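Trainee: First the structure, which I've put down as structure tokens, then a few questions once you've had a look.
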Amino acid sequence: MPKTPDFFVKKTLFLTGAASGIGEATAYIFAREGANVICADIDIEGANKVSYQVNQRGGKGLAISCDVTNRATVEAAVAAGIKHFGNIDFQFNNAGSAIKRSKFLDIDDDLFEKAYDLNVKGVFYGMQAILPHMLERGSGVIVNTASMSYIRGGGGHSIHYASAKGAVVTMTMGVAREFVKENIRCVSISPAAADTHFQDISSNDLKKSMTNDIPIGRMADPEEIAEVVLFLCSDACPYITADTIRISGGGGFR
């Protein structure tokens with residue numbers, strides 16, 4: 001995957017939403033490559049379990065309690081990670097959720113604000129916390145989780161979520177362009193439906209409908225998305241920045 005053998009050995013990833021799903025899979029993929037992984041999640045018990053597995057799989061893990069909707073806890077988590085490992089090379093702002101599905105006219109202020117606090121502010125706080133460190137080091141890669149839903153306006157009663165993920169794509173592009181001369185890359189990924197706990201809010205009929213809309217015929221495995229994150233953080237793609245990488249199984253185009 002990387003051009004340089006052992007590229008990820010002793011390099012450090014700061015990862016939010018680490019306790020399950022895409023975040024958990026990404027932690028294990030980076031551990032396989034010998035990286036340090038800071039497992040940040042509001043679910044500290046889950047983060048501890050993932051951190052333990054990172055240590056078992058060839059990496060070094062650190063679990064940190066982190067509520068990405070709270071700037072102070074994000075800043076504290078980043079600072080603790082730097083103190084523990086000495087540096088952070090990569091950041092994957094992955095924590096996010098649709099909270100619940102709702103028809104547009106039924107979306108109230110509380111749901112809308114929660115969706116933006118988690119999916120947009122969480123990314124905003126993460127990048128603001130890590131960028132001074134990356135600027136001081138003179139390099140870094142940031143990957144943010146968006147979604148294919150932003151392209152289609154949010155299927156399955158999730159306009160609040162899709163619009164928030166659209167904001168993530170725009171913010172990623174802006175940060176990438178602002179810091180490109182500082183040797184910092186910033187990319188977003190836009191997965192289609194993935195087979196994770198995220199889908200717990202989806203009915204069986206909706207899951208079937210989403211799967212039918214994906215030409216490859218199934219939801220993505222979290223590991224398939226994690227491998228893309230690994231590639232984007234590697235030295236194999238220095239020209240990729242400001243882009244959103246679609247991981248769609250062919251979906252979103254028909």
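Ligands are numbered from 1 in the order shown, chains are lettered A, B, ... in the order of the structure tokens, and residues start at 1 in each chain.
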List the neighbours of range 28-33 of chain A out to 8 Å using only C-alpha atoms; skip same-chain residues closer than 2 positions along the sequence, and give me the result as a PyMOL selection string.
Mentor: chain A and resi 6+8-9+13+24-26+35-37+53-55+57-60+223+226-227+230
Trainee: With C-alpha atoms retained, could you export that selection as a PDB file, in the first residue's frame?
Mentor:
```
ATOM      1  CA  ASP A   6       7.206   0.201   7.163  1.00  0.00           C
ATOM      2  CA  PHE A   8       3.356   3.599   9.229  1.00  0.00           C
ATOM      3  CA  VAL A   9       5.612   2.049  11.877  1.00  0.00           C
ATOM      4  CA  LEU A  13      -3.197   8.189  14.097  1.00  0.00           C
ATOM      5  CA  GLU A  24     -12.801   0.238  14.911  1.00  0.00           C
ATOM      6  CA  ALA A  25     -11.865  -1.293  11.554  1.00  0.00           C
ATOM      7  CA  THR A  26      -9.503   1.601  10.839  1.00  0.00           C
ATOM      8  CA  ALA A  35       1.148   2.385  13.864  1.00  0.00           C
ATOM      9  CA  ASN A  36       0.220   4.017  17.138  1.00  0.00           C
ATOM     10  CA  VAL A  37      -3.539   4.555  17.366  1.00  0.00           C
ATOM     11  CA  GLN A  53      -6.903  -5.124  20.268  1.00  0.00           C
ATOM     12  CA  VAL A  54      -4.595  -2.574  18.642  1.00  0.00           C
ATOM     13  CA  ASN A  55      -1.879  -3.699  21.049  1.00  0.00           C
ATOM     14  CA  ARG A  57      -2.398  -6.689  16.428  1.00  0.00           C
ATOM     15  CA  GLY A  58       0.981  -5.037  16.069  1.00  0.00           C
ATOM     16  CA  GLY A  59       0.334  -1.434  17.006  1.00  0.00           C
ATOM     17  CA  LYS A  60       0.274   0.617  20.180  1.00  0.00           C
ATOM     18  CA  GLU A 223     -12.615  -2.903   6.568  1.00  0.00           C
ATOM     19  CA  ALA A 226     -10.618   1.519   6.456  1.00  0.00           C
ATOM     20  CA  GLU A 227      -8.226   0.394   3.717  1.00  0.00           C
ATOM     21  CA  LEU A 230      -4.910   3.897   5.144  1.00  0.00           C
TER      22      LEU A 230
END
```
Trainee: Find the residues of range 44-78 of chain A that sit at most 12 Å from range 130-146 of chain A; for each, write down the nearest two atoms and how far apart they are in Å, to one decimal. Count only C-alpha atoms. Sort by chain, then by number going up, and give it as JSON lines.
Mentor:
```
{"residue": "A:Arg71", "atom": "CA", "partner": "A:Ile130", "partner_atom": "CA", "distance": 12.0}
{"residue": "A:Val74", "atom": "CA", "partner": "A:Ile130", "partner_atom": "CA", "distance": 9.5}
{"residue": "A:Glu75", "atom": "CA", "partner": "A:Ile130", "partner_atom": "CA", "distance": 8.1}
{"residue": "A:Ala76", "atom": "CA", "partner": "A:Ile130", "partner_atom": "CA", "distance": 10.8}
{"residue": "A:Ala77", "atom": "CA", "partner": "A:Ile130", "partner_atom": "CA", "distance": 10.2}
{"residue": "A:Val78", "atom": "CA", "partner": "A:Ile130", "partner_atom": "CA", "distance": 6.7}
```
Trainee: Which is closest to Asp243 in chain A among A:Val169, A:Ala72, A:Ala40, A:Ile107, if we use only C-alpha atoms?
Mentor: A:Val169
Trainee: Ranking A:Ser102, A:Thr12, A:Ser97, A:Ser51 by minimum distance to Asp117 in chain A and counting only C-alpha atoms, which one comes first?
Mentor: A:Ser97
Trainee: Please, which residues of range 30-225 of chain A, numbered as in this document, come out strand (DSSP E or B) from DSSP, as an NGL selection string?
Mentor: :A and (36-41 or 60-65 or 90-93 or 140-145 or 184-191 or 194 or 220)
